[in-house]
file entry.pdb (PDB, C-alpha atoms and all ligand atoms)
ATOM      1  CA  MET A   1     -33.786 -16.338  11.690
ATOM      2  CA  ALA A   2     -32.133 -18.287  14.513
ATOM      3  CA  SER A   3     -29.292 -20.573  13.475
ATOM      4  CA  ARG A   4     -30.207 -24.164  12.647
ATOM      5  CA  ARG A   5     -26.645 -25.475  12.796
ATOM      6  CA  PHE A   6     -26.120 -29.060  13.868
ATOM      7  CA  ASP A   7     -22.381 -29.774  14.019
ATOM      8  CA  VAL A   8     -20.306 -32.414  15.742
ATOM      9  CA  GLN A   9     -16.650 -31.581  16.350
ATOM     10  CA  THR A  10     -14.302 -34.358  17.477
ATOM     11  CA  LEU A  11     -11.748 -32.806  19.823
ATOM     12  CA  GLY A  12     -10.127 -36.132  20.701
ATOM     13  CA  THR A  13     -10.223 -39.461  18.880
ATOM     14  CA  GLY A  14      -7.824 -41.625  20.899
ATOM     15  CA  ALA A  15      -8.376 -44.462  23.380
ATOM     16  CA  ALA A  16      -6.985 -44.782  26.910
ATOM     17  CA  LEU A  17      -3.249 -44.550  26.177
ATOM     18  CA  PRO A  18      -1.679 -41.434  24.650
ATOM     19  CA  ALA A  19      -0.833 -41.647  20.957
ATOM     20  CA  ARG A  20       1.106 -39.062  19.016
ATOM     21  CA  GLY A  21      -1.295 -36.571  17.472
ATOM     22  CA  ARG A  22      -4.376 -38.044  19.121
ATOM     23  CA  TYR A  23      -6.118 -36.884  22.247
ATOM     24  CA  PRO A  24      -8.506 -38.577  24.669
ATOM     25  CA  THR A  25     -12.206 -38.466  23.957
ATOM     26  CA  SER A  26     -14.149 -35.237  23.823
ATOM     27  CA  GLN A  27     -16.660 -33.829  21.377
ATOM     28  CA  LEU A  28     -18.280 -30.459  21.002
ATOM     29  CA  LEU A  29     -21.799 -30.253  19.613
ATOM     30  CA  ASN A  30     -23.226 -27.042  18.240
ATOM     31  CA  ILE A  31     -26.996 -27.385  18.031
ATOM     32  CA  HIS A  32     -28.743 -24.198  16.937
ATOM     33  CA  ASP A  33     -25.837 -22.216  18.445
ATOM     34  CA  SER A  34     -26.011 -23.900  21.852
ATOM     35  CA  LEU A  35     -22.803 -25.712  22.795
ATOM     36  CA  PHE A  36     -22.799 -29.164  24.390
ATOM     37  CA  LEU A  37     -19.640 -31.011  25.417
ATOM     38  CA  VAL A  38     -19.668 -34.806  25.314
ATOM     39  CA  ASP A  39     -16.959 -36.389  27.446
ATOM     40  CA  CYS A  40     -13.991 -34.385  28.591
ATOM     41  CA  GLY A  41     -10.726 -36.299  28.480
ATOM     42  CA  GLU A  42      -7.424 -34.836  29.633
ATOM     43  CA  GLY A  43      -6.439 -31.760  27.635
ATOM     44  CA  THR A  44      -9.940 -30.892  26.436
ATOM     45  CA  GLN A  45      -9.406 -27.258  27.478
ATOM     46  CA  GLU A  46      -6.418 -26.958  25.173
ATOM     47  CA  ARG A  47      -8.350 -28.598  22.368
ATOM     48  CA  LEU A  48     -11.186 -26.116  22.842
ATOM     49  CA  ARG A  49      -8.681 -23.250  22.800
ATOM     50  CA  GLU A  50      -7.181 -24.531  19.562
ATOM     51  CA  ALA A  51     -10.650 -24.736  18.061
ATOM     52  CA  GLY A  52     -11.241 -21.111  19.074
ATOM     53  CA  ILE A  53     -14.179 -21.958  21.331
ATOM     54  CA  ASN A  54     -15.108 -19.690  24.215
ATOM     55  CA  PHE A  55     -15.517 -22.083  27.187
ATOM     56  CA  LEU A  56     -18.167 -19.873  28.713
ATOM     57  CA  ARG A  57     -20.561 -20.662  25.880
ATOM     58  CA  ILE A  58     -20.732 -24.310  26.937
ATOM     59  CA  GLY A  59     -23.887 -24.781  28.990
ATOM     60  CA  HIS A  60     -24.110 -28.571  29.283
ATOM     61  CA  ILE A  61     -21.534 -31.336  29.642
ATOM     62  CA  PHE A  62     -22.318 -35.054  29.306
ATOM     63  CA  ILE A  63     -19.910 -37.630  30.763
ATOM     64  CA  SER A  64     -20.369 -41.229  29.581
ATOM     65  CA  HIS A  65     -18.394 -43.067  32.270
ATOM     66  CA  LEU A  66     -15.631 -42.761  34.805
ATOM     67  CA  HIS A  67     -12.669 -44.163  32.902
ATOM     68  CA  GLY A  68     -10.061 -41.413  32.995
ATOM     69  CA  ASP A  69      -9.778 -40.908  29.242
ATOM     70  CA  HIS A  70     -13.387 -39.701  29.227
ATOM     71  CA  TYR A  71     -13.464 -37.269  32.135
ATOM     72  CA  LEU A  72     -10.051 -36.313  33.558
ATOM     73  CA  GLY A  73     -10.218 -32.935  31.825
ATOM     74  CA  LEU A  74     -13.440 -31.951  33.550
ATOM     75  CA  GLN A  75     -12.025 -30.540  36.799
ATOM     76  CA  GLY A  76      -9.652 -28.282  34.915
ATOM     77  CA  LEU A  77     -12.412 -26.975  32.708
ATOM     78  CA  ILE A  78     -14.712 -26.311  35.684
ATOM     79  CA  SER A  79     -11.864 -24.448  37.373
ATOM     80  CA  SER A  80     -10.996 -22.384  34.280
ATOM     81  CA  MET A  81     -14.610 -21.310  33.880
ATOM     82  CA  HIS A  82     -14.443 -20.062  37.477
ATOM     83  CA  LEU A  83     -11.221 -18.143  36.819
ATOM     84  CA  MET A  84     -12.740 -16.639  33.685
ATOM     85  CA  GLY A  85     -15.552 -15.169  35.772
ATOM     86  CA  ARG A  86     -18.378 -17.393  34.628
ATOM     87  CA  VAL A  87     -21.693 -16.492  36.227
ATOM     88  CA  GLN A  88     -24.224 -18.532  34.277
ATOM     89  CA  PRO A  89     -25.027 -22.049  35.526
ATOM     90  CA  LEU A  90     -23.217 -25.113  34.195
ATOM     91  CA  HIS A  91     -25.041 -28.427  33.978
ATOM     92  CA  VAL A  92     -22.977 -31.607  34.085
ATOM     93  CA  PHE A  93     -24.645 -34.986  33.517
ATOM     94  CA  GLY A  94     -22.735 -38.102  34.474
ATOM     95  CA  PRO A  95     -22.443 -41.190  36.681
ATOM     96  CA  PRO A  96     -23.617 -40.581  40.274
ATOM     97  CA  LYS A  97     -20.070 -40.839  41.683
ATOM     98  CA  LEU A  98     -18.934 -37.911  39.560
ATOM     99  CA  LYS A  99     -20.421 -35.435  42.025
ATOM    100  CA  GLU A 100     -18.336 -36.922  44.859
ATOM    101  CA  ILE A 101     -15.175 -36.641  42.783
ATOM    102  CA  VAL A 102     -15.765 -33.055  41.688
ATOM    103  CA  ASP A 103     -16.892 -31.881  45.129
ATOM    104  CA  LEU A 104     -13.851 -33.450  46.812
ATOM    105  CA  GLN A 105     -11.452 -31.671  44.490
ATOM    106  CA  LEU A 106     -13.207 -28.341  44.941
ATOM    107  CA  ARG A 107     -13.139 -28.757  48.727
ATOM    108  CA  ALA A 108      -9.485 -29.831  48.792
ATOM    109  CA  SER A 109      -8.438 -26.755  46.835
ATOM    110  CA  GLY A 110     -10.688 -24.426  48.849
ATOM    111  CA  THR A 111     -12.477 -23.348  45.665
ATOM    112  CA  TYR A 112     -15.860 -21.680  45.945
ATOM    113  CA  LEU A 113     -17.202 -21.461  42.432
ATOM    114  CA  ARG A 114     -18.581 -18.120  41.319
ATOM    115  CA  TYR A 115     -21.214 -19.837  39.210
ATOM    116  CA  PRO A 116     -23.853 -22.495  39.993
ATOM    117  CA  LEU A 117     -22.565 -25.967  39.116
ATOM    118  CA  HIS A 118     -25.284 -28.601  38.808
ATOM    119  CA  LEU A 119     -24.139 -32.219  38.732
ATOM    120  CA  TRP A 120     -26.998 -34.429  37.590
ATOM    121  CA  PRO A 121     -26.710 -38.190  38.165
ATOM    122  CA  VAL A 122     -27.398 -40.239  35.042
ATOM    123  CA  GLU A 123     -28.188 -43.940  34.845
ATOM    124  CA  PRO A 124     -27.618 -45.830  31.607
ATOM    125  CA  THR A 125     -31.246 -46.607  30.758
ATOM    126  CA  ASN A 126     -32.106 -46.974  27.088
ATOM    127  CA  GLY A 127     -34.414 -44.217  25.906
ATOM    128  CA  ALA A 128     -34.547 -42.290  29.227
ATOM    129  CA  VAL A 129     -34.742 -38.514  28.728
ATOM    130  CA  ILE A 130     -31.771 -36.827  30.407
ATOM    131  CA  HIS A 131     -32.210 -33.272  29.228
ATOM    132  CA  GLU A 132     -34.727 -31.298  27.244
ATOM    133  CA  ASP A 133     -34.847 -27.647  26.196
ATOM    134  CA  THR A 134     -36.275 -25.633  23.310
ATOM    135  CA  LYS A 135     -33.517 -26.776  20.927
ATOM    136  CA  VAL A 136     -32.774 -30.380  21.782
ATOM    137  CA  THR A 137     -33.803 -33.540  23.615
ATOM    138  CA  VAL A 138     -31.056 -35.791  24.948
ATOM    139  CA  THR A 139     -31.787 -39.440  25.730
ATOM    140  CA  ALA A 140     -29.610 -42.125  27.282
ATOM    141  CA  LEU A 141     -28.204 -45.361  25.854
ATOM    142  CA  ARG A 142     -27.115 -48.355  27.894
ATOM    143  CA  LEU A 143     -23.657 -49.161  26.581
ATOM    144  CA  LYS A 144     -21.930 -52.457  27.385
ATOM    145  CA  HIS A 145     -18.683 -51.708  29.180
ATOM    146  CA  ARG A 146     -16.681 -52.749  32.233
ATOM    147  CA  ILE A 147     -18.288 -50.073  34.398
ATOM    148  CA  PRO A 148     -21.696 -48.371  33.942
ATOM    149  CA  CYS A 149     -21.490 -46.381  30.738
ATOM    150  CA  THR A 150     -24.075 -44.138  29.116
ATOM    151  CA  GLY A 151     -24.349 -43.182  25.481
ATOM    152  CA  PHE A 152     -26.349 -40.186  24.326
ATOM    153  CA  VAL A 153     -28.763 -39.402  21.521
ATOM    154  CA  PHE A 154     -29.243 -35.738  20.622
ATOM    155  CA  ARG A 155     -32.440 -34.921  18.720
ATOM    156  CA  GLU A 156     -33.120 -31.383  17.620
ATOM    157  CA  SER A 157     -36.541 -29.861  18.183
ATOM    158  CA  LEU A 158     -38.938 -29.701  15.271
ATOM    159  CA  ALA A 159     -38.558 -26.538  13.192
ATOM    160  CA  LEU A 160     -41.502 -24.256  12.526
ATOM    161  CA  ARG A 161     -43.538 -24.805   9.368
ATOM    162  CA  GLY A 162     -42.365 -22.860   6.315
ATOM    163  CA  LEU A 163     -44.554 -20.147   4.793
ATOM    164  CA  ARG A 164     -45.336 -20.699   1.133
ATOM    165  CA  ARG A 165     -43.850 -17.826  -0.815
ATOM    166  CA  ASP A 166     -46.801 -17.744  -3.227
ATOM    167  CA  ARG A 167     -49.248 -17.307  -0.324
ATOM    168  CA  SER A 168     -47.263 -14.995   1.928
ATOM    169  CA  ALA A 169     -49.115 -11.864   0.730
ATOM    170  CA  VAL A 170     -52.312 -13.244   2.310
ATOM    171  CA  ILE A 171     -50.787 -13.440   5.783
ATOM    172  CA  PRO A 172     -50.681 -10.260   7.865
ATOM    173  CA  HIS A 173     -47.268  -9.787   9.444
ATOM    174  CA  PHE A 174     -48.500 -10.139  13.013
ATOM    175  CA  LYS A 175     -50.085 -13.530  12.198
ATOM    176  CA  ARG A 176     -46.974 -15.074  10.647
ATOM    177  CA  GLN A 177     -45.601 -16.643  13.803
ATOM    178  CA  ALA A 178     -48.940 -18.292  14.652
ATOM    179  CA  VAL A 179     -49.254 -19.680  11.121
ATOM    180  CA  LYS A 180     -45.693 -21.034  11.277
ATOM    181  CA  GLN A 181     -46.699 -22.757  14.509
ATOM    182  CA  GLY A 182     -49.518 -24.525  12.675
ATOM    183  CA  GLU A 183     -52.584 -22.346  13.273
ATOM    184  CA  ASP A 184     -55.192 -21.676  10.596
ATOM    185  CA  LEU A 185     -55.456 -18.058   9.502
ATOM    186  CA  VAL A 186     -58.709 -16.246  10.295
ATOM    187  CA  LEU A 187     -58.871 -12.799   8.712
ATOM    188  CA  PRO A 188     -60.897  -9.879  10.191
ATOM    189  CA  ASP A 189     -63.620 -10.373   7.507
ATOM    190  CA  GLY A 190     -64.074 -13.983   8.665
ATOM    191  CA  THR A 191     -62.235 -15.633   5.781
ATOM    192  CA  VAL A 192     -60.442 -18.779   6.907
ATOM    193  CA  HIS A 193     -57.284 -20.124   5.254
ATOM    194  CA  SER A 194     -56.312 -23.598   6.369
ATOM    195  CA  ASN A 195     -52.769 -23.919   7.630
ATOM    196  CA  ALA A 196     -52.047 -26.599   5.024
ATOM    197  CA  SER A 197     -52.836 -24.119   2.222
ATOM    198  CA  LEU A 198     -50.314 -21.579   3.558
ATOM    199  CA  THR A 199     -47.389 -23.612   4.775
ATOM    200  CA  THR A 200     -45.015 -26.423   3.982
ATOM    201  CA  ALA A 201     -43.935 -29.136   6.390
ATOM    202  CA  PRO A 202     -40.795 -28.434   8.425
ATOM    203  CA  PRO A 203     -37.599 -30.272   7.487
ATOM    204  CA  PRO A 204     -37.107 -33.653   9.182
ATOM    205  CA  VAL A 205     -35.651 -33.612  12.686
ATOM    206  CA  ARG A 206     -31.922 -34.392  12.755
ATOM    207  CA  SER A 207     -30.266 -36.631  15.295
ATOM    208  CA  TYR A 208     -26.842 -37.714  16.481
ATOM    209  CA  ALA A 209     -25.952 -40.761  18.584
ATOM    210  CA  TYR A 210     -22.789 -41.162  20.639
ATOM    211  CA  CYS A 211     -21.687 -44.695  21.560
ATOM    212  CA  SER A 212     -18.389 -44.838  23.429
ATOM    213  CA  ASP A 213     -17.230 -47.016  25.142
ATOM    214  CA  THR A 214     -19.012 -50.230  24.331
ATOM    215  CA  ALA A 215     -18.693 -53.837  23.245
ATOM    216  CA  PHE A 216     -20.866 -54.995  20.338
ATOM    217  CA  GLU A 217     -24.369 -54.360  21.652
ATOM    218  CA  PRO A 218     -27.331 -55.044  19.314
ATOM    219  CA  GLU A 219     -29.770 -53.987  22.050
ATOM    220  CA  LEU A 220     -28.876 -50.392  21.180
ATOM    221  CA  VAL A 221     -30.237 -50.719  17.661
ATOM    222  CA  PRO A 222     -33.893 -49.691  18.235
ATOM    223  CA  TYR A 223     -32.747 -46.607  20.176
ATOM    224  CA  ILE A 224     -30.384 -45.333  17.504
ATOM    225  CA  ALA A 225     -32.400 -46.464  14.471
ATOM    226  CA  GLY A 226     -32.317 -43.951  11.626
ATOM    227  CA  VAL A 227     -30.114 -41.327  13.273
ATOM    228  CA  ASP A 228     -28.378 -39.064  10.753
ATOM    229  CA  LEU A 229     -24.951 -39.581  12.275
ATOM    230  CA  LEU A 230     -23.733 -42.354  14.567
ATOM    231  CA  TYR A 231     -20.436 -42.067  16.400
ATOM    232  CA  HIS A 232     -19.385 -45.534  17.444
ATOM    233  CA  GLU A 233     -16.131 -46.527  19.038
ATOM    234  CA  ALA A 234     -13.803 -48.740  17.001
ATOM    235  CA  THR A 235     -10.876 -49.389  19.302
ATOM    236  CA  PHE A 236      -9.540 -52.406  17.392
ATOM    237  CA  THR A 237      -9.693 -54.276  14.084
ATOM    238  CA  GLU A 238     -11.100 -57.798  13.815
ATOM    239  CA  MET A 239      -7.570 -59.163  14.232
ATOM    240  CA  LEU A 240      -7.945 -58.200  17.877
ATOM    241  CA  ALA A 241     -11.567 -59.264  18.279
ATOM    242  CA  THR A 242     -10.651 -61.309  21.354
ATOM    243  CA  ARG A 243      -8.995 -58.311  22.968
ATOM    244  CA  ALA A 244     -12.075 -56.232  22.135
ATOM    245  CA  LYS A 245     -14.287 -58.803  23.818
ATOM    246  CA  GLU A 246     -12.096 -58.952  26.940
ATOM    247  CA  THR A 247     -11.939 -55.198  27.362
ATOM    248  CA  LEU A 248     -15.568 -54.599  26.321
ATOM    249  CA  HIS A 249     -14.663 -52.487  23.359
ATOM    250  CA  SER A 250     -15.665 -52.842  19.698
ATOM    251  CA  THR A 251     -13.905 -53.619  16.464
ATOM    252  CA  ALA A 252     -14.428 -51.441  13.399
ATOM    253  CA  ALA A 253     -16.437 -54.255  11.802
ATOM    254  CA  GLN A 254     -18.720 -54.463  14.835
ATOM    255  CA  ALA A 255     -19.305 -50.692  14.757
ATOM    256  CA  ALA A 256     -20.227 -51.013  11.071
ATOM    257  CA  ARG A 257     -22.607 -53.889  11.794
ATOM    258  CA  ILE A 258     -24.426 -51.787  14.392
ATOM    259  CA  ALA A 259     -24.641 -48.877  11.896
ATOM    260  CA  SER A 260     -26.021 -51.201   9.259
ATOM    261  CA  MET A 261     -28.582 -52.826  11.575
ATOM    262  CA  ALA A 262     -29.745 -49.392  12.767
ATOM    263  CA  GLY A 263     -29.974 -47.957   9.239
ATOM    264  CA  VAL A 264     -28.143 -44.767  10.192
ATOM    265  CA  GLY A 265     -27.235 -42.083   7.657
ATOM    266  CA  GLU A 266     -23.524 -42.050   8.336
ATOM    267  CA  LEU A 267     -21.058 -43.729  10.688
ATOM    268  CA  LEU A 268     -18.184 -41.928  12.367
ATOM    269  CA  LEU A 269     -15.486 -44.095  13.956
ATOM    270  CA  GLY A 270     -13.310 -43.089  16.901
ATOM    271  CA  HIS A 271     -11.590 -44.134  20.145
ATOM    272  CA  PHE A 272      -8.716 -45.660  18.206
ATOM    273  CA  SER A 273      -6.155 -47.728  20.086
ATOM    274  CA  SER A 274      -2.701 -46.118  20.183
ATOM    275  CA  ARG A 275      -1.300 -49.229  18.450
ATOM    276  CA  TYR A 276      -2.737 -47.966  15.128
ATOM    277  CA  LYS A 277      -0.479 -45.288  13.696
ATOM    278  CA  HIS A 278      -2.909 -44.782  10.834
ATOM    279  CA  VAL A 279      -6.593 -45.491  10.855
ATOM    280  CA  ASN A 280      -6.867 -46.709   7.225
ATOM    281  CA  GLU A 281      -7.091 -50.315   8.335
ATOM    282  CA  LEU A 282      -9.968 -49.610  10.722
ATOM    283  CA  LEU A 283     -11.736 -47.505   8.128
ATOM    284  CA  ALA A 284     -11.436 -50.123   5.374
ATOM    285  CA  GLU A 285     -12.752 -52.834   7.665
ATOM    286  CA  ALA A 286     -15.848 -50.811   8.520
ATOM    287  CA  ARG A 287     -16.471 -49.591   4.961
ATOM    288  CA  ALA A 288     -16.570 -53.168   3.676
ATOM    289  CA  ILE A 289     -19.727 -53.581   5.779
ATOM    290  CA  PHE A 290     -21.094 -50.030   5.929
ATOM    291  CA  PRO A 291     -19.758 -47.833   3.085
ATOM    292  CA  ALA A 292     -20.946 -44.495   4.520
ATOM    293  CA  THR A 293     -18.238 -44.534   7.180
ATOM    294  CA  ARG A 294     -15.649 -41.934   8.108
ATOM    295  CA  ALA A 295     -12.797 -42.050  10.609
ATOM    296  CA  SER A 296     -12.954 -39.084  12.954
ATOM    297  CA  GLU A 297      -9.997 -36.702  12.924
ATOM    298  CA  GLU A 298      -8.706 -34.412  15.631
ATOM    299  CA  GLY A 299     -10.545 -31.108  15.654
ATOM    300  CA  GLN A 300     -12.608 -31.907  12.564
ATOM    301  CA  VAL A 301     -16.190 -30.610  12.309
ATOM    302  CA  TYR A 302     -18.892 -32.918  10.931
ATOM    303  CA  PRO A 303     -21.992 -30.915  10.044
ATOM    304  CA  ILE A 304     -25.352 -32.622   9.742
ATOM    305  CA  PRO A 305     -27.055 -30.617   6.986
ATOM    306  CA  GLU A 306     -30.735 -29.858   7.119
ATOM    307  CA  ARG A 307     -32.672 -31.802   4.479
ATOM    308  CA  THR A 308     -34.897 -29.009   3.303
ATOM    309  CA  GLY A 309     -36.668 -28.558   0.021
ATOM    310  CA  VAL A 310     -38.855 -25.772   1.337
ATOM    311  CA  GLU A 311     -38.425 -22.048   1.409
ATOM    312  CA  ASN A 312     -38.772 -20.743   4.915
ATOM    313  CA  LEU A 313     -39.673 -17.099   5.053
TER
HETATM  314 ZN    ZN B   1     -13.824 -46.938  29.020
END
call {"tool": "encode", "arguments": {"input": "entry.pdb", "output": "structure tokens", "more": "lines below"}}
Ligand SMILES: [Zn+2]
result
Amino acid sequence: MASRRFDVQTLGTGAALPARGRYPTSQLLNIHDSLFLVDCGEGTQERLREAGINFLRIGHIFISHLHGDHYLGLQGLISSMHLMGRVQPLHVFGPPKLKEIVDLQLRASGTYLRYPLHLWPVEPTNGAVIHEDTKVTVTALRLKHRIPCTGFVFRESLALRGLRRDRSAVIPHFKRQAVKQGEDLVLPDGTVHSNASLTTAPPPVRSYAYCSDTAFEPELVPYIAGVDLLYHEATFTEMLATRAKETLHSTAAQAARIASMAGVGELLLGHFSSRYKHVNELLAEARAIFPATRASEEGQVYPIPERTGVENL
């Protein structure tokens, strides 16, 4: 059976300025064994190397906005993929100006990529579908930041129905796939078995929302409602609420309020200002409002487990 993994790995949890032991924003998503990169701050290549990830397996990259700590690692990664002999296409989704920036650097260095590079312009429109394939649908979020900034929601595709173990003897092998897809079973002698009598419902679809960078923005709530895992930036604590407002970032408490309003399963904080040596303070502030909160750590993997009570054959 194909893998049903749904993992989020935080490769960098820092904000704009370097902090010891923290790196600029980048995340790697493994959804059913397809790899998606979300943001690509400086040094993302090294972080991927440390995590033992083969760059060539990454098929899609999503860039939220054009502040350097979210995309300055992209050109290096594109170039390394070229040097490594990549041939399969790479799809990069980001602000319209990103294409200009990437093309200029390729031209200036006289690089002719060996693989097709597709740069797709993305506008921050809540709920707009950016990408869809057999494993996942990615929609946009309109984040509230100093420059246009897009968040992303990743929703896995619905799994096939499970075959009931006690009824599996009835189903000829060559009919199994059709039954899993929801068809009734019609046997050669004309007997009909309804699909409901042979199968169990698939596990619920899992989803992940990425919100960085943004000020407190309740308009996001309907678009991230009920996601299993929400990553929300928490650059400051409430002590610096004014600074958060000025720079259009969020406090940990604001991130927790959004998580609570949206009724998400779990909240993951990140994009920590370099002024915080330890993140305990940010974590405590958020947990007081939304207990199911974690502070993201460099290189850590956060799996979203499948909620399944059924036996899939
Ligand atoms: Zn920013």
call {"tool": "residues_near_ligand", "arguments": {"input": "entry.pdb", "ligand": "ligand ZN 1 (chain B)", "cutoff": "7 Å", "atoms": "only C-alpha atoms and all ligand atoms", "output": "ChimeraX atom specification"}}
result
/A:65,67,145,213
call {"tool": "write_last_selection", "arguments": {"input": "entry.pdb", "atoms": "C-alpha atoms", "output": "compact mmCIF listing (two decimals), in the frame of the given file"}}
result
# COMPACT_ATOMS: atom_id res chain seq x y z
CA HIS A 65 -18.39 -43.07 32.27
CA HIS A 67 -12.67 -44.16 32.90
CA HIS A 145 -18.68 -51.71 29.18
CA ASP A 213 -17.23 -47.02 25.14
call {"tool": "closest_residue", "arguments": {"input": "entry.pdb", "among": "A:Leu28, A:Ile304, A:Leu104, A:Ile61", "to": "Glu156 of chain A", "atoms": "all atoms listed in the file"}}
result
A:Ile304
call {"tool": "atom_distance", "arguments": {"input": "entry.pdb", "atom1": "atom CA of Ile289 of chain A", "atom2": "atom CA of Ile258 of chain A"}}
result
10.0 Å
call {"tool": "atom_distance", "arguments": {"input": "entry.pdb", "atom1": "atom CA of Ile130 of chain A", "atom2": "atom CA of Gly94 of chain A"}}
result
10.0 Å
call {"tool": "atom_distance", "arguments": {"input": "entry.pdb", "atom1": "atom CA of Asn30 of chain A", "atom2": "atom CA of Ala259 of chain A"}}
result
22.8 Å
call {"tool": "closest_residue", "arguments": {"input": "entry.pdb", "among": "A:Gly14, A:Asp7, A:Gly299, A:Gly73", "to": "Arg47 of chain A", "atoms": "all atoms listed in the file"}}
result
A:Gly299
call {"tool": "resolve_selection", "arguments": {"input": "entry.pdb", "expression": "the PyMOL selection byres (((chain A and resi 267) around 8) and not hetatm)", "output": "list of chain:residue names"}}
result
A:Leu229, A:Leu230, A:Tyr231, A:His232, A:Ala256, A:Ala259, A:Val264, A:Gly265, A:Glu266, A:Leu268, A:Leu269, A:Phe290, A:Ala292, A:Thr293, A:Arg294
call {"tool": "write_last_selection", "arguments": {"input": "entry.pdb", "atoms": "C-alpha atoms", "output": "tab-separated table (two decimals), in the coordinates of the input"}}
result
chain	number	residue	atom	x	y	z
A	229	LEU	CA	-24.95	-39.58	12.28
A	230	LEU	CA	-23.73	-42.35	14.57
A	231	TYR	CA	-20.44	-42.07	16.40
A	232	HIS	CA	-19.39	-45.53	17.44
A	256	ALA	CA	-20.23	-51.01	11.07
A	259	ALA	CA	-24.64	-48.88	11.90
A	264	VAL	CA	-28.14	-44.77	10.19
A	265	GLY	CA	-27.24	-42.08	7.66
A	266	GLU	CA	-23.52	-42.05	8.34
A	268	LEU	CA	-18.18	-41.93	12.37
A	269	LEU	CA	-15.49	-44.10	13.96
A	290	PHE	CA	-21.09	-50.03	5.93
A	292	ALA	CA	-20.95	-44.50	4.52
A	293	THR	CA	-18.24	-44.53	7.18
A	294	ARG	CA	-15.65	-41.93	8.11
call {"tool": "residues_around", "arguments": {"input": "entry.pdb", "residues": "Gly43 of chain A", "least_positions_apart": "4", "cutoff": "12 Å", "atoms": "all atoms listed in the file", "output": "NGL selection string"}}
result
:A and (11-12 or 18 or 22-26 or 39 or 47-50 or 68-77)
call {"tool": "residues_near_point", "arguments": {"input": "entry.pdb", "point": "(-54.3, -27.8, 4.1)", "cutoff": "12 Å", "atoms": "all atoms listed in the file", "output": "list in words"}}
result
Arg164, Val179, Gly182, Glu183, Asp184, Leu185, Val192, His193, Ser194, Asn195, Ala196, Ser197, Leu198, Thr199, Thr200 and Ala201 of chain A
call {"tool": "residues_around", "arguments": {"input": "entry.pdb", "residues": "Phe152 of chain A", "least_positions_apart": "6", "cutoff": "7 Å", "atoms": "only C-alpha atoms", "output": "list in words"}}
result
Val138, Thr139, Ala140, Leu141, Ala209 and Tyr210 of chain A
call {"tool": "residues_around", "arguments": {"input": "entry.pdb", "residues": "Thr125 of chain A", "least_positions_apart": "6", "cutoff": "12 Å", "atoms": "all atoms listed in the file", "output": "mmCIF file with C-alpha atoms, in the coordinates of the input"}}
result
data_model
loop_
_atom_site.group_PDB
_atom_site.id
_atom_site.type_symbol
_atom_site.label_atom_id
_atom_site.label_comp_id
_atom_site.auth_asym_id
_atom_site.auth_seq_id
_atom_site.Cartn_x
_atom_site.Cartn_y
_atom_site.Cartn_z
ATOM 1 C CA PRO A 95 -22.443 -41.190 36.681
ATOM 2 C CA THR A 139 -31.787 -39.440 25.730
ATOM 3 C CA ALA A 140 -29.610 -42.125 27.282
ATOM 4 C CA LEU A 141 -28.204 -45.361 25.854
ATOM 5 C CA ARG A 142 -27.115 -48.355 27.894
ATOM 6 C CA LEU A 143 -23.657 -49.161 26.581
ATOM 7 C CA LYS A 144 -21.930 -52.457 27.385
ATOM 8 C CA PRO A 148 -21.696 -48.371 33.942
ATOM 9 C CA CYS A 149 -21.490 -46.381 30.738
ATOM 10 C CA THR A 150 -24.075 -44.138 29.116
ATOM 11 C CA GLY A 151 -24.349 -43.182 25.481
ATOM 12 C CA PHE A 152 -26.349 -40.186 24.326
ATOM 13 C CA VAL A 153 -28.763 -39.402 21.521
ATOM 14 C CA GLU A 219 -29.770 -53.987 22.050
ATOM 15 C CA LEU A 220 -28.876 -50.392 21.180
ATOM 16 C CA TYR A 223 -32.747 -46.607 20.176
#
